[in-house]
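I have placed the structure first, in the form of structure tokens, so that the comments after it can refer back to it.
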There are 2 protein chains.
Amino acid sequence: MDPRPALDAFVAQHLDASLDELAALCRIPSLRRDPAALERAADWVAAALGRRGFQVQVFHFPGAAPVVYAVRPGRSSRTLLFYNHYDVQPPDPLDAWTSPPFEPTRRGGKFYARGASDDKGHLVSRLLAVDALLHALGELPVTVKFVVEGDEEGGGSAGLHRMVAQHPDLLRADGVIWEFGGVDAHDNPLQYLGTRGLASVALEVQTLPHDMHSGIAGSLLPNAAWRLVWALESLKGPDGRIRVAGFYDRVQPPSARDLELLAALPDLPDAAAADFAAVLGLEPGAPVPLEVKRRAVFEPTANIAGLTAGYQGPGKKTVLPARARALLDFRLVPWQDPAAVPGLLRAHLDAHGFPDVQVHDLGGVPPMKMDPDHPFVDRVVAAADEVYARPMLKVPLRGVTGPGYLFVHRLGLPVATSGLGYPGANLHAPDENIREDLYALAARHAARIALRLAE
Amino acid sequence: MDPRPALDAFVAQHLDASLDELAALCRIPSLRRDPAALERAADWVAAALGRRGFQVQVFHFPGAAPVVYAVRPGRSSRTLLFYNHYDVQPPDPLDAWTSPPFEPTRRGGKFYARGASDDKGHLVSRLLAVDALLHALGELPVTVKFVVEGDEEGGGSAGLHRMVAQHPDLLRADGVIWEFGGVDAHDNPLQYLGTRGLASVALEVQTLPHDMHSGIAGSLLPNAAWRLVWALESLKGPDGRIRVAGFYDRVQPPSARDLELLAALPDLPDAAAADFAAVLGLEPGAPVPLEVKRRAVFEPTANIAGLTAGYQGPGKKTVLPARARALLDFRLVPWQDPAAVPGLLRAHLDAHGFPDVQVHDLGGVPPMKMDPDHPFVDRVVAAADEVYARPMLKVPLRGVTGPGYLFVHRLGLPVATSGLGYPGANLHAPDENIREDLYALAARHAARIALRLAE
């Protein structure tokens, strides 16, 4: 008997109850600054999975929020792993919220709360999928695992790193469903297949023991702000090309298939990029040129995120700054190595006359890229095509960064995306929300991914 | 009868009383932010001059602190004008003062208070000179005028500007004694004969309506911080040469006489520069190379005083800054025109592909330079040589800026310096102080300048 009508009916009938469950989780202000709330959220997740017959373990790694790991065997020996997180972004500015961030509110077909989309809604919609599968089949079609951490928002996924390093066996699976997924501005479901890497550095230069009077010292003593400007200019000119020797050595250009997938996207490869199409001079509704889409994600960047030197107050002050600092992030494409970036910068600065400019390594994340036609990916896409009104589009690479490389490149597992995100979700912003129709679709999609994996 | 022994004896006998008078003035916290205190200080100055037989007028110009103008005719029709100011720098940080800034304290042969040196001590030492002249001669040897404003510290000498524009006749004189003067680290009295000009500008660029996520926008959208870096680099490279077309057009190199005077100085041309000789790698006590002295003051500068863009907090944030700002000051040498600098920058930026970088004119001050061998200067030097143990050294140009051009280049009056400054005075800093021995010498010098001018 085809279980799919029963699955879909269960999701429709239990939508309100599932959103009540989500509201309970969203009432916990699981902020990085509130370890007790993180513990409560982890306990809530462990209990919710325990109620559903999962064997649950909670790992307390030093320096990390608790990691909830759960497994429930299914009919097939194949295994599906869901990765999620229970921590949330800070809610500031509080006065910009229509309803308070930790008092979940439904209005106009949407559900508002901090964490509603990122990432509690994704997690609880998957619990609804588990409930639907158990109702329709009496058991799970495949073994299902959850790994739910609390260090995703600003904690560098410390918990997930520990799990990958210490318990790779527990994470073994035939496919991983990433924390989020969603639709574009036209309600096309998207399949995200890669993320860029990131290398963060600070460049700092100190030329003098303290700031000086610019009239007295200006002609003779070195100005830290000028040193920084010249060092930065040596890294990249107005043509955008990064001048650091070796920086492009490991860059893999997009394949013909990547370009074909990019060409099929109506928008830029990042949903959130829709709101700056106007800045780029793109006509609303007109197709985005392939070259622009390519450049958006397949080119590495050198971004100045911050500049600080000398006097920054109102009016003026005639000071010669002793210290200057730039915060930079480099977005990396496959297969650039973030760990190599600080050393390349050091060598570049030394070779260009800037031995005085210090390079501080602020950490990095490697790029991640899936084979866009991996069988697991195609199962997830086929499952989506049963649920969504429009076919799922494959996005070969996103501009942003994430810890997916841990699964794909450390553990060798295929990763695909599924979820309820949409461009109006206000991630990391006031009035974060989910659309209830997309919540139901995401639950139905998650259940059908398990069915597809069992085939 | 030679009045000079009587003058010197009077100063010695009345030193304590004069310092008491100075203490009364220093107890008035005549800060720019306290207009009532500025009024009280102006009243105090007017009363002190009135008590000495001066005809006093107090000018209240709109937007300026009161200007005290006073004149007392003397034996000769020649006229000596003293320029001073009664406002003081803010005393912050208060907790760095050994005794409170507005509770004058004498200890170890020094007198500590905010304004002790800059500029109340100079003013009151000149009142002591007037008293000594009246005591020794029964009258003043020349007509003496005072113009004392309250807008010197951060107010752009608004009061003095108004006097020069509206009452140039009142300021007519055969010579002007500038607000300050003093000795170097070896107690050589210095004669300052010029100041550099100043042009202050802010460069600002805005590339986007608001900051963006560097992962999503970084490859496509313009980064204001990079635009600013490239625009700044186009202005000046590591060789220090300013690349703005026309910037050097009006530069007058030092004359052979200027270089001769520079060569005779044991130190850099600014007394405050002594404390960074070590940074320059100069041996303590070894002669400073003439080329270094020349470069210290006879080269114009382009100084970055401040840089501001994007994220400046701890840690990191992956943001693409929409706005960036640089505060710059250009020190100008004779006969560069500060009013021309913003236009030269605008033309340069337009020609180099930076029409998006805005230039904000924050005002300027022209350079000032006296003929180092002007007869009035030589009278002041000759008077010093009678008083100080060491001969007065002529400094052809200083690196800093001042409003002396108003007298020299607007009114056509010769200006010379006399005073009680010394390198340890802590101007604009906690524990501002004067040496009591130099206070007496400055009073004796001021009195003898009047005698010399009468000859």
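By convention here, the chains of the structure tokens are called A, B, ... in the order presented, each chain's residues are numbered starting at 1, and ligands are numbered starting at 1 in the order presented.
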Inset, instruction - Please provide as a VMD selection string all residues within 10 Å of A:Gly363, with the sequence filter that same-chain residues fewer than 3 positions apart are discarded (counting only C-alpha atoms). - result: (chain A and resid 156 198 to 201 329 338 to 339 341 to 342 360) or (chain B and resid 316)
Mind writing the picked residues with N, CA and C atoms as a tab-separated table (two decimals), in the first residue's frame?
chain	number	residue	atom	x	y	z
A	156	GLY	N	31.13	28.39	16.21
A	156	GLY	CA	31.99	27.63	15.30
A	156	GLY	C	31.63	26.15	15.24
A	198	LEU	N	35.98	29.98	4.09
A	198	LEU	CA	36.19	31.29	4.69
A	198	LEU	C	37.52	31.28	5.43
A	199	ALA	N	38.30	32.33	5.23
A	199	ALA	CA	39.50	32.54	6.06
A	199	ALA	C	39.42	33.96	6.61
A	200	SER	N	39.41	34.08	7.92
A	200	SER	CA	39.33	35.40	8.57
A	200	SER	C	40.69	35.77	9.13
A	201	VAL	N	41.10	37.00	8.85
A	201	VAL	CA	42.37	37.48	9.40
A	201	VAL	C	42.21	38.93	9.84
A	329	ASP	N	37.90	39.16	5.50
A	329	ASP	CA	37.52	37.77	5.28
A	329	ASP	C	37.70	37.43	3.81
A	338	PRO	N	41.67	27.19	3.75
A	338	PRO	CA	41.70	28.38	4.62
A	338	PRO	C	42.95	28.42	5.51
A	339	ALA	N	43.45	27.25	5.87
A	339	ALA	CA	44.62	27.24	6.77
A	339	ALA	C	45.86	27.80	6.08
A	341	VAL	N	45.86	30.46	4.05
A	341	VAL	CA	45.74	31.88	3.73
A	341	VAL	C	46.64	32.78	4.59
A	342	PRO	N	46.66	32.62	5.92
A	342	PRO	CA	47.54	33.52	6.69
A	342	PRO	C	49.00	33.44	6.25
A	360	HIS	N	47.04	38.27	11.83
A	360	HIS	CA	46.46	37.45	12.91
A	360	HIS	C	45.44	36.49	12.29
B	316	LYS	N	35.24	38.85	15.22
B	316	LYS	CA	35.09	39.09	13.79
B	316	LYS	C	33.63	39.13	13.40
Inset, instruction - Please provide the set of residues having any atom within 7 Å of A:Arg27, restricted to only C-alpha atoms, with same-chain residues fewer than 6 positions apart removed, written as a ChimeraX atom specification. - result: /A:102-104
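With only C-alpha atoms as the basis for measurement, A:Leu327 is the residue among A:Val11, A:Leu327, A:Ala271, A:Leu94 that approaches B:Gly310 most closely.
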Inset, instruction - Please give the complete set of residues from stretch 133-309 of chain A that DSSP, run on the backbone, assigns to alpha helix (DSSP H), formatted as JSON, numbers by chain. - result: {"A": [133, 134, 135, 136, 137, 158, 159, 160, 161, 162, 163, 164, 165, 166, 214, 215, 216, 217, 224, 225, 226, 227, 228, 229, 230, 231, 232, 233, 234, 235, 256, 257, 258, 259, 260, 261, 262, 263, 264, 290, 291, 292, 293, 294, 295, 296, 297, 298]}
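Among the candidate residues B:Asn84, B:Gln206, B:Gln191, B:Ser234, the one lying nearest to B:Leu160 is B:Asn84, with distances computed using only C-alpha atoms.
Restricting the calculation to only C-alpha atoms, the smallest distance between chain A and any of B:Lys317, B:His60, B:Arg257, B:Arg51 is found for B:Lys317.
Restricting the calculation to only C-alpha atoms, the smallest distance between B:Asp337 and any of B:Lys145, B:Arg72, B:His186, B:Arg250 is found for B:Arg250.
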Taking the chain letters and numbering used in this document, name the residues of stretch 204-357 of chain B that DSSP puts in strand (DSSP E), as a PDB file with N, CA and C atoms, in the first residue's frame.
ATOM      1  N   GLU B 204      34.830  60.512   2.188  1.00  0.00           N
ATOM      2  CA  GLU B 204      33.771  59.569   2.537  1.00  0.00           C
ATOM      3  C   GLU B 204      33.268  58.890   1.281  1.00  0.00           C
ATOM      4  N   VAL B 205      32.974  57.613   1.425  1.00  0.00           N
ATOM      5  CA  VAL B 205      32.399  56.886   0.296  1.00  0.00           C
ATOM      6  C   VAL B 205      31.286  55.994   0.828  1.00  0.00           C
ATOM      7  N   GLN B 206      30.172  55.994   0.097  1.00  0.00           N
ATOM      8  CA  GLN B 206      29.068  55.095   0.411  1.00  0.00           C
ATOM      9  C   GLN B 206      28.730  54.344  -0.863  1.00  0.00           C
ATOM     10  N   MET B 212      26.169  44.774   4.096  1.00  0.00           N
ATOM     11  CA  MET B 212      25.652  43.512   3.576  1.00  0.00           C
ATOM     12  C   MET B 212      26.475  42.353   4.153  1.00  0.00           C
ATOM     13  N   HIS B 213      25.975  41.137   3.926  1.00  0.00           N
ATOM     14  CA  HIS B 213      26.670  39.907   4.318  1.00  0.00           C
ATOM     15  C   HIS B 213      27.800  39.679   3.307  1.00  0.00           C
ATOM     16  N   ASN B 303      48.468  63.515   5.939  1.00  0.00           N
ATOM     17  CA  ASN B 303      48.375  62.649   7.115  1.00  0.00           C
ATOM     18  C   ASN B 303      46.985  62.053   7.220  1.00  0.00           C
ATOM     19  N   ILE B 304      46.912  60.720   7.359  1.00  0.00           N
ATOM     20  CA  ILE B 304      45.632  60.088   7.710  1.00  0.00           C
ATOM     21  C   ILE B 304      45.503  60.162   9.226  1.00  0.00           C
ATOM     22  N   ALA B 305      44.527  60.936   9.698  1.00  0.00           N
ATOM     23  CA  ALA B 305      44.314  61.074  11.143  1.00  0.00           C
ATOM     24  C   ALA B 305      43.327  60.053  11.668  1.00  0.00           C
ATOM     25  N   GLY B 306      42.502  59.486  10.790  1.00  0.00           N
ATOM     26  CA  GLY B 306      41.529  58.492  11.245  1.00  0.00           C
ATOM     27  C   GLY B 306      40.970  57.700  10.083  1.00  0.00           C
ATOM     28  N   LEU B 307      40.676  56.427  10.350  1.00  0.00           N
ATOM     29  CA  LEU B 307      40.030  55.529   9.380  1.00  0.00           C
ATOM     30  C   LEU B 307      38.867  54.847  10.086  1.00  0.00           C
ATOM     31  N   THR B 308      37.726  54.801   9.417  1.00  0.00           N
ATOM     32  CA  THR B 308      36.546  54.174  10.012  1.00  0.00           C
ATOM     33  C   THR B 308      35.762  53.452   8.930  1.00  0.00           C
ATOM     34  N   ALA B 309      35.550  52.154   9.123  1.00  0.00           N
ATOM     35  CA  ALA B 309      34.662  51.412   8.217  1.00  0.00           C
ATOM     36  C   ALA B 309      34.262  50.108   8.870  1.00  0.00           C
ATOM     37  N   GLY B 310      33.021  49.705   8.653  1.00  0.00           N
ATOM     38  CA  GLY B 310      32.541  48.377   8.990  1.00  0.00           C
ATOM     39  C   GLY B 310      32.636  48.029  10.457  1.00  0.00           C
ATOM     40  N   VAL B 319      31.081  41.153   7.355  1.00  0.00           N
ATOM     41  CA  VAL B 319      30.213  42.199   6.833  1.00  0.00           C
ATOM     42  C   VAL B 319      30.910  42.907   5.680  1.00  0.00           C
ATOM     43  N   LEU B 320      30.116  43.358   4.732  1.00  0.00           N
ATOM     44  CA  LEU B 320      30.633  44.167   3.636  1.00  0.00           C
ATOM     45  C   LEU B 320      30.213  45.612   3.936  1.00  0.00           C
ATOM     46  N   ARG B 323      29.746  51.999   4.073  1.00  0.00           N
ATOM     47  CA  ARG B 323      30.309  53.338   4.237  1.00  0.00           C
ATOM     48  C   ARG B 323      31.725  53.251   4.790  1.00  0.00           C
ATOM     49  N   ALA B 324      32.566  54.182   4.356  1.00  0.00           N
ATOM     50  CA  ALA B 324      33.916  54.274   4.898  1.00  0.00           C
ATOM     51  C   ALA B 324      34.324  55.739   4.924  1.00  0.00           C
ATOM     52  N   ARG B 325      35.163  56.080   5.887  1.00  0.00           N
ATOM     53  CA  ARG B 325      35.533  57.490   6.091  1.00  0.00           C
ATOM     54  C   ARG B 325      36.992  57.579   6.496  1.00  0.00           C
ATOM     55  N   ALA B 326      37.681  58.551   5.919  1.00  0.00           N
ATOM     56  CA  ALA B 326      39.043  58.871   6.348  1.00  0.00           C
ATOM     57  C   ALA B 326      39.097  60.344   6.705  1.00  0.00           C
ATOM     58  N   LEU B 327      39.735  60.645   7.827  1.00  0.00           N
ATOM     59  CA  LEU B 327      40.007  62.027   8.207  1.00  0.00           C
ATOM     60  C   LEU B 327      41.463  62.311   7.849  1.00  0.00           C
ATOM     61  N   LEU B 328      41.699  63.366   7.090  1.00  0.00           N
ATOM     62  CA  LEU B 328      43.065  63.697   6.672  1.00  0.00           C
ATOM     63  C   LEU B 328      43.411  65.118   7.060  1.00  0.00           C
ATOM     64  N   ASP B 329      44.683  65.337   7.348  1.00  0.00           N
ATOM     65  CA  ASP B 329      45.153  66.716   7.423  1.00  0.00           C
ATOM     66  C   ASP B 329      46.411  66.862   6.593  1.00  0.00           C
ATOM     67  N   PHE B 330      46.441  67.960   5.872  1.00  0.00           N
ATOM     68  CA  PHE B 330      47.581  68.302   5.026  1.00  0.00           C
ATOM     69  C   PHE B 330      48.291  69.482   5.686  1.00  0.00           C
ATOM     70  N   ARG B 331      49.559  69.282   6.054  1.00  0.00           N
ATOM     71  CA  ARG B 331      50.358  70.416   6.542  1.00  0.00           C
ATOM     72  C   ARG B 331      50.957  71.097   5.319  1.00  0.00           C
ATOM     73  N   LEU B 332      50.827  72.402   5.283  1.00  0.00           N
ATOM     74  CA  LEU B 332      51.207  73.165   4.092  1.00  0.00           C
ATOM     75  C   LEU B 332      52.385  74.070   4.401  1.00  0.00           C
TER      76      LEU B 332
END
Inset, instruction - Can you pull out every residue within 10 Å of stretch 345-355 of chain B, counting only C-alpha atoms, but drop anything in the same chain fewer than 3 positions away, and send it as an NGL selection string? - result: (:A and (238)) or (:B and (201 or 203 or 205 or 227-228 or 230-232 or 234-235 or 243-247 or 340-342 or 358-360))
Only N, CA and C atoms, please: the residues just picked out, written as a short mmCIF file (atom, residue, chain, number, x, y, z; two decimals), in the first residue's frame.
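Printed below is result-v6.cif as written:
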data_model
loop_
_atom_site.label_atom_id
_atom_site.label_comp_id
_atom_site.auth_asym_id
_atom_site.auth_seq_id
_atom_site.Cartn_x
_atom_site.Cartn_y
_atom_site.Cartn_z
N PRO A 238 41.67 47.87 -7.78
CA PRO A 238 40.29 48.11 -8.23
C PRO A 238 39.79 47.09 -9.26
N VAL B 201 40.43 67.67 5.70
CA VAL B 201 39.33 67.15 4.87
C VAL B 201 38.91 65.79 5.40
N LEU B 203 37.39 62.28 3.67
CA LEU B 203 36.99 61.55 2.46
C LEU B 203 35.95 60.52 2.89
N VAL B 205 32.97 57.61 1.42
CA VAL B 205 32.40 56.89 0.30
C VAL B 205 31.29 55.99 0.83
N ARG B 227 37.08 50.84 -1.66
CA ARG B 227 37.09 52.08 -2.46
C ARG B 227 37.94 53.14 -1.77
N LEU B 228 37.77 53.25 -0.45
CA LEU B 228 38.52 54.26 0.30
C LEU B 228 40.02 53.95 0.27
N TRP B 230 41.74 52.32 -1.94
CA TRP B 230 42.33 52.60 -3.26
C TRP B 230 42.41 54.11 -3.52
N ALA B 231 41.40 54.83 -3.10
CA ALA B 231 41.44 56.29 -3.29
C ALA B 231 42.60 56.89 -2.48
N LEU B 232 42.77 56.43 -1.24
CA LEU B 232 43.86 56.96 -0.40
C LEU B 232 45.21 56.62 -1.02
N SER B 234 45.92 56.26 -3.98
CA SER B 234 46.19 57.10 -5.16
C SER B 234 46.74 58.47 -4.76
N LEU B 235 46.51 58.89 -3.51
CA LEU B 235 46.97 60.21 -3.05
C LEU B 235 48.45 60.21 -2.69
N ARG B 243 50.69 62.66 -4.65
CA ARG B 243 50.49 62.50 -6.09
C ARG B 243 49.40 63.39 -6.66
N VAL B 244 48.91 64.33 -5.86
CA VAL B 244 47.80 65.17 -6.30
C VAL B 244 48.35 66.28 -7.20
N ALA B 245 47.87 66.31 -8.44
CA ALA B 245 48.37 67.31 -9.40
C ALA B 245 48.14 68.71 -8.86
N GLY B 246 49.18 69.54 -8.93
CA GLY B 246 49.08 70.93 -8.49
C GLY B 246 49.40 71.15 -7.03
N PHE B 247 49.51 70.05 -6.27
CA PHE B 247 49.69 70.21 -4.82
C PHE B 247 50.97 70.96 -4.48
N ALA B 340 42.68 75.85 -1.51
CA ALA B 340 42.77 75.17 -2.80
C ALA B 340 42.78 73.65 -2.66
N VAL B 341 43.09 73.15 -1.47
CA VAL B 341 43.32 71.70 -1.32
C VAL B 341 42.08 70.85 -1.64
N PRO B 342 40.89 71.18 -1.09
CA PRO B 342 39.74 70.32 -1.42
C PRO B 342 39.48 70.23 -2.92
N GLN B 358 33.61 61.19 -1.78
CA GLN B 358 33.27 62.58 -1.48
C GLN B 358 34.40 63.26 -0.71
N VAL B 359 34.60 64.54 -0.99
CA VAL B 359 35.59 65.35 -0.27
C VAL B 359 34.84 66.38 0.56
N HIS B 360 35.01 66.32 1.87
CA HIS B 360 34.38 67.30 2.76
C HIS B 360 35.46 68.25 3.28
#
Legend entry - Spatial neighbours of A:Val124, 9 Å, only C-alpha atoms, chain gap at least 6 places, as a PyMOL selection string: chain A and resi 18-19+21-22+25+443
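Closest to A:Ala447 among A:Val229, A:Leu80, A:Ala425, A:Leu282 is A:Leu80, based on only C-alpha atoms.
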Inset, instruction - Pick out the residues sitting within 8 Å of B:Ser76, and hand them over as a ChimeraX atom specification; count only C-alpha atoms, and ignore anything fewer than 2 positions along from it in its own chain. - result: /B:74,78-79,141-143,454
Residues from the last selection, N, CA and C atoms, saved as a CSV table (one decimal), in the first residue's frame:
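Dumped everything to out_17.csv:
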chain,number,residue,atom,x,y,z
B,74,GLY,N,52.2,105.3,25.5
B,74,GLY,CA,53.5,105.4,26.1
B,74,GLY,C,54.3,106.6,25.7
B,78,ARG,N,55.7,104.7,19.0
B,78,ARG,CA,55.8,103.3,18.6
B,78,ARG,C,54.9,102.4,19.4
B,79,THR,N,54.4,101.3,18.8
B,79,THR,CA,53.4,100.5,19.4
B,79,THR,C,53.8,99.0,19.4
B,141,PRO,N,57.4,102.8,27.9
B,141,PRO,CA,58.3,103.4,26.9
B,141,PRO,C,57.7,103.5,25.5
B,142,VAL,N,56.8,102.6,25.2
B,142,VAL,CA,56.0,102.6,23.9
B,142,VAL,C,54.5,102.4,24.2
B,143,THR,N,53.7,102.7,23.3
B,143,THR,CA,52.3,102.4,23.4
B,143,THR,C,52.2,100.9,23.4
B,454,ALA,N,61.5,101.1,21.7
B,454,ALA,CA,61.5,102.6,21.9
B,454,ALA,C,62.8,103.2,21.3
Inset, instruction - Within 9 Å of B:Pro222, counting only C-alpha atoms, which residues show up once you throw out same-chain ones fewer than 3 positions away? Write them as JSON, numbers by chain, please. - result: {"B": [207, 208, 217, 218, 219, 225, 226, 227, 320, 321, 322]}
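Nearest residue to chain B, choosing from A:Arg379, A:His374, A:Arg196, A:His161 and counting only C-alpha atoms: A:Arg196.
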10 Å contact set for A:Val415, only C-alpha atoms, chain neighbours under 6 positions out, as a CSV table (one decimal) with N, CA and C atoms, in the first residue's frame:
chain,number,residue,atom,x,y,z
A,81,LEU,N,20.7,10.7,8.2
A,81,LEU,CA,21.1,11.5,9.4
A,81,LEU,C,20.6,12.9,9.2
A,82,PHE,N,19.9,13.4,10.2
A,82,PHE,CA,19.5,14.8,10.2
A,82,PHE,C,20.4,15.6,11.1
A,83,TYR,N,21.0,16.7,10.5
A,83,TYR,CA,21.8,17.6,11.3
A,83,TYR,C,21.0,18.9,11.6
A,174,ASP,N,23.9,6.9,5.2
A,174,ASP,CA,23.9,6.8,3.7
A,174,ASP,C,23.6,8.2,3.1
A,175,GLY,N,23.2,9.1,3.9
A,175,GLY,CA,22.9,10.4,3.4
A,175,GLY,C,22.6,11.3,4.6
A,176,VAL,N,23.0,12.6,4.5
A,176,VAL,CA,22.8,13.6,5.6
A,176,VAL,C,21.9,14.7,5.0
A,177,ILE,N,20.9,15.0,5.8
A,177,ILE,CA,20.1,16.2,5.5
A,177,ILE,C,20.5,17.3,6.3
A,178,TRP,N,20.9,18.4,5.6
A,178,TRP,CA,21.5,19.6,6.3
A,178,TRP,C,20.5,20.3,7.1
A,192,TYR,N,20.8,23.0,-2.3
A,192,TYR,CA,22.1,23.6,-2.2
A,192,TYR,C,23.1,22.5,-2.1
A,193,LEU,N,24.1,22.7,-3.0
A,193,LEU,CA,25.1,21.6,-3.2
A,193,LEU,C,26.5,22.0,-2.8
A,194,GLY,N,26.7,23.2,-2.3
A,194,GLY,CA,28.0,23.5,-1.9
A,194,GLY,C,28.0,24.9,-1.2
A,368,MET,N,32.9,23.5,0.7
A,368,MET,CA,32.3,22.2,0.6
A,368,MET,C,31.6,22.1,-0.7
A,369,LYS,N,31.7,21.0,-1.4
A,369,LYS,CA,31.0,20.9,-2.7
A,369,LYS,C,30.6,19.4,-2.9
A,370,MET,N,29.4,19.2,-3.2
A,370,MET,CA,28.8,17.9,-3.5
A,370,MET,C,28.9,17.7,-5.0
A,371,ASP,N,29.0,16.4,-5.4
A,371,ASP,CA,28.7,16.1,-6.8
A,371,ASP,C,27.2,16.4,-7.0
A,374,HIS,N,25.0,13.3,-7.5
A,374,HIS,CA,25.1,12.1,-6.5
A,374,HIS,C,23.8,11.5,-6.4
A,376,PHE,N,22.3,10.1,-3.9
A,376,PHE,CA,21.5,10.6,-2.7
A,376,PHE,C,20.8,11.9,-3.0
A,377,VAL,N,21.6,12.8,-3.6
A,377,VAL,CA,21.0,14.1,-4.0
A,377,VAL,C,19.8,13.9,-4.9
A,380,VAL,N,16.8,12.9,-3.0
A,380,VAL,CA,16.2,14.1,-2.3
A,380,VAL,C,15.4,15.0,-3.3
A,404,GLY,N,29.3,22.1,6.5
A,404,GLY,CA,28.9,20.9,5.8
A,404,GLY,C,30.1,20.1,5.4
A,405,TYR,N,31.3,20.8,5.2
A,405,TYR,CA,32.5,20.1,4.8
A,405,TYR,C,32.8,19.0,5.8
A,407,PHE,N,30.9,16.8,7.2
A,407,PHE,CA,30.3,15.5,6.7
A,407,PHE,C,30.8,15.1,5.4
A,408,VAL,N,30.9,16.0,4.4
A,408,VAL,CA,31.2,15.7,3.1
A,408,VAL,C,32.7,15.3,2.9
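Going from atom CA of A:Tyr422 over to atom CA of A:Pro366, you cover 25.7 Å.
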